[in-house]
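S.K.: Okay, here's the structure, questions in a sec.
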Amino acid sequence: MGQSGILIEGLGYEVAGRRILSGLSAHLTERRIGIVGRNGSGKTTLLRLIAGLIAPTQGTIEVEGMNPAGDRKAMLARLGILFQNPDHQIIFPTVLEEIAFGLAQLGHPRPEAEARARAVLAAHGRAHWEGARVETLSHGQKQVLCLLSVLAMQPATILLDEPFAALDLPTRARLHRLFDALPQRLVTITHDPATLEDADRILWLEDGQLVADGPAPEILPLFRAEMARIGAADADTDLPH
Ligand SMILES: Nc1ncnc2c1ncn2[C@@H]1O[C@H](COP(=O)(O)OP(=O)(O)OP(=O)(O)O)[C@@H](O)[C@H]1O
């Protein structure tokens, strides 16, 4: 039996001779984990490594004692991903088909997959969505549909990639409440510290390296101060006017 949670040891990732991530180590067992960093700091690459969508070029990563890139089907049942843009995630024309698909992939016969999909919709007050065509849903509703598709598979861990991007404030607040109520371990990547105020642990990435790791009240003020410092510097001052 391996360790519980997400165990990252000496993790690195290189592509086309370029180092995207290097020397990352952390044992993540908390319920609410945030990964912050600027654009291009390597957050999405780390998420893809945790999900097993790509394999490390250095070091190791284990999710609940398993190599996530080793057995994709076993990982589907343990770990769900919510991508930034639901349009990149949804493949089927109707809500029920979309939710049932993941369950069918896990090996559930179609009637059972559909029954489970209906149960998830009902449990989240969305039974009336069953036959709805996906293109009739708003962006926020599509995001909820993707979340329900993930929840149907009952993973212990859910990875969230900028889950509030492009959502208006009321939709954001509703989705936030939905996330808060979930028993799962959530790993959220974002460049927006406001999303992570209640996280138990924050990893801060810069240039593919871990620059800070600790509780939100300790790390987020440092991150905000550094983002404000960088934002205050005028990158054009060396240019001729
Ligand atoms: N397959 C790849 N080939 C080449 N470069 C890549 C590849 N994957 C990532 N990169 C580069 O690695 C760096 C980190 O990318 P990544 O998407 O992980 O950052 P990020 O922190 O998620 O950024 P953002 O907030 O903009 O989404 C970027 O400079 C990106 O261009």
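Residues are referred to by chain and number: the chain letter is A, B, ... according to the order shown in the structure tokens, the number counts from 1 in that chain, and ligands are numbered separately from 1 in the order shown.
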Taking only C-alpha atoms and all ligand atoms and a cut-off of 6 Å, can you tell me which residues surround ligand 1, written as a ChimeraX atom specification?

M.R.: /A:15,20,37-45

S.K.: Just want the 12 Å neighbourhood of Gln89 in chain A, counted on only C-alpha atoms, with same-chain residues fewer than 3 positions away dropped. Output as a VMD selection string.

M.R.: chain A and resid 80 to 86 92 98 to 99 101 to 102 134 142 to 147 149 to 150 161

S.K.: Give me the residues near Gly10 in chain A as a PyMOL selection string, where near means some atom within 9 Å (using only C-alpha atoms) and where sequence neighbours in that chain fewer than 3 positions away do not count.

M.R.: chain A and resi 22-26+58-61

S.K.: What would the file look like if the residues just selected were written as a PDB file, in the first residue's frame with N, CA and C atoms?

M.R.:
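To be explicit, this is the file written out as out_15.pdb:
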ATOM      1  N   SER A  22      10.432  21.837 -12.205  1.00  0.00           N
ATOM      2  CA  SER A  22      11.583  21.107 -11.675  1.00  0.00           C
ATOM      3  C   SER A  22      11.615  21.103 -10.152  1.00  0.00           C
ATOM      4  N   GLY A  23      12.098  19.967  -9.621  1.00  0.00           N
ATOM      5  CA  GLY A  23      12.367  19.823  -8.190  1.00  0.00           C
ATOM      6  C   GLY A  23      11.181  20.014  -7.256  1.00  0.00           C
ATOM      7  N   LEU A  24       9.995  19.594  -7.686  1.00  0.00           N
ATOM      8  CA  LEU A  24       8.818  19.782  -6.828  1.00  0.00           C
ATOM      9  C   LEU A  24       8.649  18.596  -5.886  1.00  0.00           C
ATOM     10  N   SER A  25       8.508  18.881  -4.593  1.00  0.00           N
ATOM     11  CA  SER A  25       8.200  17.824  -3.635  1.00  0.00           C
ATOM     12  C   SER A  25       7.138  18.318  -2.670  1.00  0.00           C
ATOM     13  N   ALA A  26       6.135  17.496  -2.421  1.00  0.00           N
ATOM     14  CA  ALA A  26       5.087  17.849  -1.457  1.00  0.00           C
ATOM     15  C   ALA A  26       4.236  16.605  -1.206  1.00  0.00           C
ATOM     16  N   GLN A  58      11.113  13.715 -14.667  1.00  0.00           N
ATOM     17  CA  GLN A  58      11.960  13.475 -13.489  1.00  0.00           C
ATOM     18  C   GLN A  58      11.048  13.232 -12.292  1.00  0.00           C
ATOM     19  N   GLY A  59      11.562  12.417 -11.352  1.00  0.00           N
ATOM     20  CA  GLY A  59      10.849  12.220 -10.096  1.00  0.00           C
ATOM     21  C   GLY A  59       9.585  11.406 -10.252  1.00  0.00           C
ATOM     22  N   THR A  60       8.776  11.417  -9.190  1.00  0.00           N
ATOM     23  CA  THR A  60       7.582  10.571  -9.187  1.00  0.00           C
ATOM     24  C   THR A  60       6.374  11.316  -8.632  1.00  0.00           C
ATOM     25  N   ILE A  61       5.212  10.802  -8.987  1.00  0.00           N
ATOM     26  CA  ILE A  61       3.970  11.317  -8.433  1.00  0.00           C
ATOM     27  C   ILE A  61       3.050  10.137  -8.168  1.00  0.00           C
TER      28      ILE A  61
END

S.K.: With only C-alpha atoms as the atoms that count, which of A:Arg48, A:His88, A:Lys73, A:Arg32 lies nearest to Asp198 in chain A?

M.R.: A:Arg32

S.K.: Near Ala69 in chain A, within 7 Å and counting only C-alpha atoms, which residues show up once chain neighbours fewer than 3 positions away are dropped, as a list of chain:residue names?

M.R.: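 In the requested format, the answer is A:Gly52, A:Leu53, A:Ile54, A:Ala55, A:Arg72.
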
S.K.: Would you output that residue set with N, CA and C atoms, as a PDB file, in the first residue's frame?

M.R.:
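Listed below is the output, result00.pdb:
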ATOM      1  N   GLY A  52      -2.382  12.379 -14.418  1.00  0.00           N
ATOM      2  CA  GLY A  52      -1.842  11.272 -15.215  1.00  0.00           C
ATOM      3  C   GLY A  52      -2.037  11.470 -16.706  1.00  0.00           C
ATOM      4  N   LEU A  53      -2.381  12.689 -17.133  1.00  0.00           N
ATOM      5  CA  LEU A  53      -2.542  12.948 -18.575  1.00  0.00           C
ATOM      6  C   LEU A  53      -1.187  13.020 -19.258  1.00  0.00           C
ATOM      7  N   ILE A  54      -0.159  13.371 -18.481  1.00  0.00           N
ATOM      8  CA  ILE A  54       1.226  13.307 -18.954  1.00  0.00           C
ATOM      9  C   ILE A  54       2.053  12.646 -17.855  1.00  0.00           C
ATOM     10  N   ALA A  55       3.214  12.115 -18.231  1.00  0.00           N
ATOM     11  CA  ALA A  55       4.062  11.426 -17.248  1.00  0.00           C
ATOM     12  C   ALA A  55       5.276  12.306 -16.926  1.00  0.00           C
ATOM     13  N   ARG A  72      -5.036   4.409 -16.432  1.00  0.00           N
ATOM     14  CA  ARG A  72      -5.966   5.517 -16.642  1.00  0.00           C
ATOM     15  C   ARG A  72      -7.371   5.172 -16.140  1.00  0.00           C
TER      16      ARG A  72
END

S.K.: Which neighbours of range 216-221 of chain A fall inside 12 Å, counting only C-alpha atoms, when residues of the same chain fewer than 5 positions from it are skipped, and could you give them as a PyMOL selection string?

M.R.: chain A and resi 32-37+191-205+211+226-228
